[in-house]
Amino acid sequence: MKFKLFAAFLLALFQVLAHAQHICPVIPQPSVSAEVPAFFVLNKGTAIVVDDESLLPAARYLQKQLLSQNKIPLAIQQKAKVASIRLSLSKKAGAESYQLEMNAQEIRISGAGNQAVFYGVVSLLQLTSSAKISPGSLLVKCWNIEDRPAYGWRGLMLDESRHFFGVEKVKSILNWMAFYKLNRFHWHLTDEPAWRIEIKNYPRLALAGGIGSYTNPYTPAQFYTQEQVTEIVQYAAERHIMVIPEIDMPGHATAANNAYPQFSGGGSEKHPEFTFHPGKEGTYTYLTDILREINALFPARMLHLGGDEVSFGNDKWLADPDVKSLMVRKQLKTVQEVEQYFMQRMADSVYAMNAKLLAWDEVADMNLPKKETIVFWWRHDKPQQLQTTLDKGYQTVLCPRIPFYFDFVQDSTHSLGRKWNKAYSGLKDVYDFKAAHLQGVNSSNQNQILGVQANVWTETIADNYRLDYMLYPRIAALAETAWSSNGKKNYTSFVQNLKQHFLLYNNERINYFNPFKK
Ligand code: ACM
């Protein structure tokens, strides 16, 4: 009787699925996918089998996620007599390319190494997240997938200077990034309102500089201790996410200057104490010492030094005797040349640490070593700056405000958040972004484009509730834009899959924006 019921249930399920559109229910959409007319019954009797010890981390991740996501505890076995999920090494090219093959008896995930297999595991976890539940088991629809990313840089930036979100929220974001195969977490840790990372040799940076936020100058100090930074970097690494710290300079330095005023280069009426002092030799020693600590904490060997919007607060430079003397000594004619001198000095410090210099697109006006420098094109209203960046041969990450600034509103009716005249960053705008449509991008410089990134600036995002609203579900569209080739993208199919993910957001109490509910 039980069996009959079960068979009837399966039959009904087949019929429902036969009428459904056959879209692989994975975001980002895989390169190649084919539905297999079978279900894999996943329950606590299923074994995870690892063919090579090096794949144990991917196996552990699968094990932990199946337990937390589906309450199914699996063991990792050497050999299995029962139905199994097998992780293997294959000679596939590409550190991130994987193959997922499924039938009723076995699920096999293979790739060139742990990261590749990890992405196969993530796709499987997405399939299990939408699986039908029968008592004690998951009925996972079988798919064969061959997959690889369009871009190697699939980034998300979080501004924690304007508002601080803390370890638990950052870990949650890293979890979702991993779920969507995003792999670069750019951490904007310093700016005007606050400095958010402990520096052992300059403790006031965090203790004094960490006080306040964009909306409340009196919030007690909030910052990451070096121990917490290490914990987050490790947590991200387990999810194949590289964490890149940003220490913004010479502008956006207000919080640091409040802590150590001797290195302030002044500011403007609107942006007081905005810059570091470019004319004092001590500034370079001070900042290099800070960067040495930062570099020791982050294994990425990439230091983002900002370099943006210096003109907001360099009014005092031309009147400063030390800056004047520097200009004479180094034959610098303009404030922009002083700014570039500063960036060159700091870039040299970064290169001397065997790290890459990352910066916003202002630095494209300089001539820095191409292999050691990555430029972030953000000024969507200045396409010529992207042209310059690419013409000069820089490696480039695309994060134009529209559509990749997630502090911009995502619907014409929304009023809290930014707009550019009437333009904003809707879900579909994020989804439809195509690098090939940009001025300056041609077939000869496509390979300089490392990828895309969304930036969550937080002037108008004061708490987790609003952070969720601005990040979800645009993070899913970002992921598909970053991972899936243009030929595989289809907005209607994406939306169909995304609506299933809303259920997952609900389960985790993510306060997402639902653009389909009018
Ligand atoms: C920026 O938005 N100032 C990089």
# chains A, B, ... in the order shown; residues from 1 in each chain; ligands from 1
>>> residues_around(residues="Leu297 of chain A", least_positions_apart="4", cutoff="10 Å", atoms="only C-alpha atoms", output="short mmCIF file (atom, residue, chain, number, x, y, z; two decimals) with C-alpha atoms, in the first residue's frame")
data_model
loop_
_atom_site.label_atom_id
_atom_site.label_comp_id
_atom_site.auth_asym_id
_atom_site.auth_seq_id
_atom_site.Cartn_x
_atom_site.Cartn_y
_atom_site.Cartn_z
CA GLN A 226 42.21 41.37 13.41
CA GLU A 227 41.00 38.09 14.82
CA VAL A 229 39.09 39.62 10.00
CA THR A 230 41.01 36.34 9.96
CA VAL A 233 38.83 35.60 5.45
CA PRO A 245 40.31 45.06 1.55
CA LEU A 291 49.12 48.55 4.55
CA ARG A 292 51.75 46.08 5.79
CA GLU A 293 49.33 44.98 8.53
CA ARG A 301 47.78 39.94 -2.13
#
>>> residues_around(residues="segment 261-275 of chain A", least_positions_apart="2", cutoff="10 Å", atoms="only C-alpha atoms", output="PyMOL selection string")
chain A and resi 191-192+248-259+277-284+286-287+310-317+320+322-323
>>> residues_near_ligand(ligand="ligand 1", cutoff="10 Å", atoms="only C-alpha atoms and all ligand atoms", output="count of residues only")
23
>>> closest_residue(among="A:Asp52, A:Asp381, A:Glu146, A:Asp429", to="Cys24 of chain A", atoms="only C-alpha atoms")
A:Glu146
>>> select_by_dssp(residues="segment 72-207 of chain A", states="alpha helix (DSSP H)", output="compact mmCIF listing (two decimals) with C-alpha atoms, in the first residue's frame")
# COMPACT_ATOMS: atom_id res chain seq x y z
CA ASN A 114 38.61 21.50 -5.28
CA GLN A 115 37.21 24.84 -6.47
CA ALA A 116 35.76 23.35 -9.65
CA VAL A 117 34.16 20.51 -7.72
CA PHE A 118 32.90 23.01 -5.15
CA TYR A 119 30.91 24.77 -7.88
CA GLY A 120 29.45 21.42 -8.92
CA VAL A 121 28.47 20.88 -5.29
CA VAL A 122 26.81 24.31 -5.24
CA SER A 123 24.77 23.46 -8.35
CA LEU A 124 23.69 20.21 -6.71
CA LEU A 125 22.70 22.12 -3.56
CA GLN A 126 20.54 24.39 -5.71
CA LEU A 127 18.88 21.33 -7.24
CA THR A 128 18.27 19.86 -3.79
CA SER A 129 16.90 23.19 -2.56
CA VAL A 167 30.54 39.37 11.43
CA GLU A 168 27.24 37.48 11.28
CA LYS A 169 25.79 39.56 8.46
CA VAL A 170 29.01 39.40 6.47
CA LYS A 171 29.04 35.60 6.86
CA SER A 172 25.45 35.44 5.66
CA ILE A 173 26.35 37.49 2.58
CA LEU A 174 29.33 35.21 1.94
CA ASN A 175 26.99 32.21 2.11
CA TRP A 176 24.71 33.69 -0.52
CA MET A 177 27.67 34.74 -2.64
CA ALA A 178 28.84 31.12 -2.60
CA PHE A 179 25.32 29.92 -3.45
CA ARG A 204 43.26 54.92 17.58
CA LEU A 205 42.29 54.25 13.95
CA ALA A 206 39.67 51.74 15.09
CA LEU A 207 39.10 52.93 18.67
>>> atom_distance(atom1="atom CA of Trp483 of chain A", atom2="atom CA of Leu303 of chain A")
24.2 Å
>>> closest_residue(among="A:Gln99, A:Ser484, A:Ser110, A:Ser444", to="Leu87 of chain A", atoms="only C-alpha atoms")
A:Ser110
>>> select_by_dssp(residues="segment 280-431 of chain A", states="strand (DSSP E)", output="list of chain:residue names")
A:Met302, A:Leu303, A:His304, A:Leu305, A:Gly306, A:Lys356, A:Leu357, A:Leu358, A:Ala359, A:Trp360, A:Thr373, A:Ile374, A:Val375, A:Phe376, A:Trp377, A:Gln395, A:Thr396, A:Val397, A:Leu398
>>> write_last_selection(atoms="C-alpha atoms", output="short mmCIF file (atom, residue, chain, number, x, y, z; two decimals), in the first residue's frame")
data_model
loop_
_atom_site.label_atom_id
_atom_site.label_comp_id
_atom_site.auth_asym_id
_atom_site.auth_seq_id
_atom_site.Cartn_x
_atom_site.Cartn_y
_atom_site.Cartn_z
CA MET A 302 45.57 42.64 -3.57
CA LEU A 303 45.20 46.01 -1.88
CA HIS A 304 42.51 48.39 -3.06
CA LEU A 305 43.62 51.95 -2.36
CA GLY A 306 40.54 53.77 -3.63
CA LYS A 356 48.62 44.09 -6.71
CA LEU A 357 47.32 47.63 -6.60
CA LEU A 358 43.59 47.97 -7.14
CA ALA A 359 41.92 51.36 -7.48
CA TRP A 360 38.92 53.24 -8.87
CA THR A 373 47.29 46.95 -11.35
CA ILE A 374 43.53 46.45 -11.61
CA VAL A 375 41.26 49.38 -12.41
CA PHE A 376 37.58 49.52 -11.39
CA TRP A 377 35.50 51.45 -13.90
CA GLN A 395 43.08 44.80 -16.32
CA THR A 396 39.60 46.05 -15.60
CA VAL A 397 36.63 45.25 -13.40
CA LEU A 398 33.34 46.71 -14.62
#
>>> residues_around(residues="segment 105-107 of chain A", least_positions_apart="4", cutoff="10 Å", atoms="only C-alpha atoms", output="number ranges by chain")
A: 38-42, 46-49, 82-87, 100-101, 124, 142-144
>>> atom_distance(atom1="atom CA of Tyr214 of chain A", atom2="atom CA of Arg196 of chain A")
13.0 Å
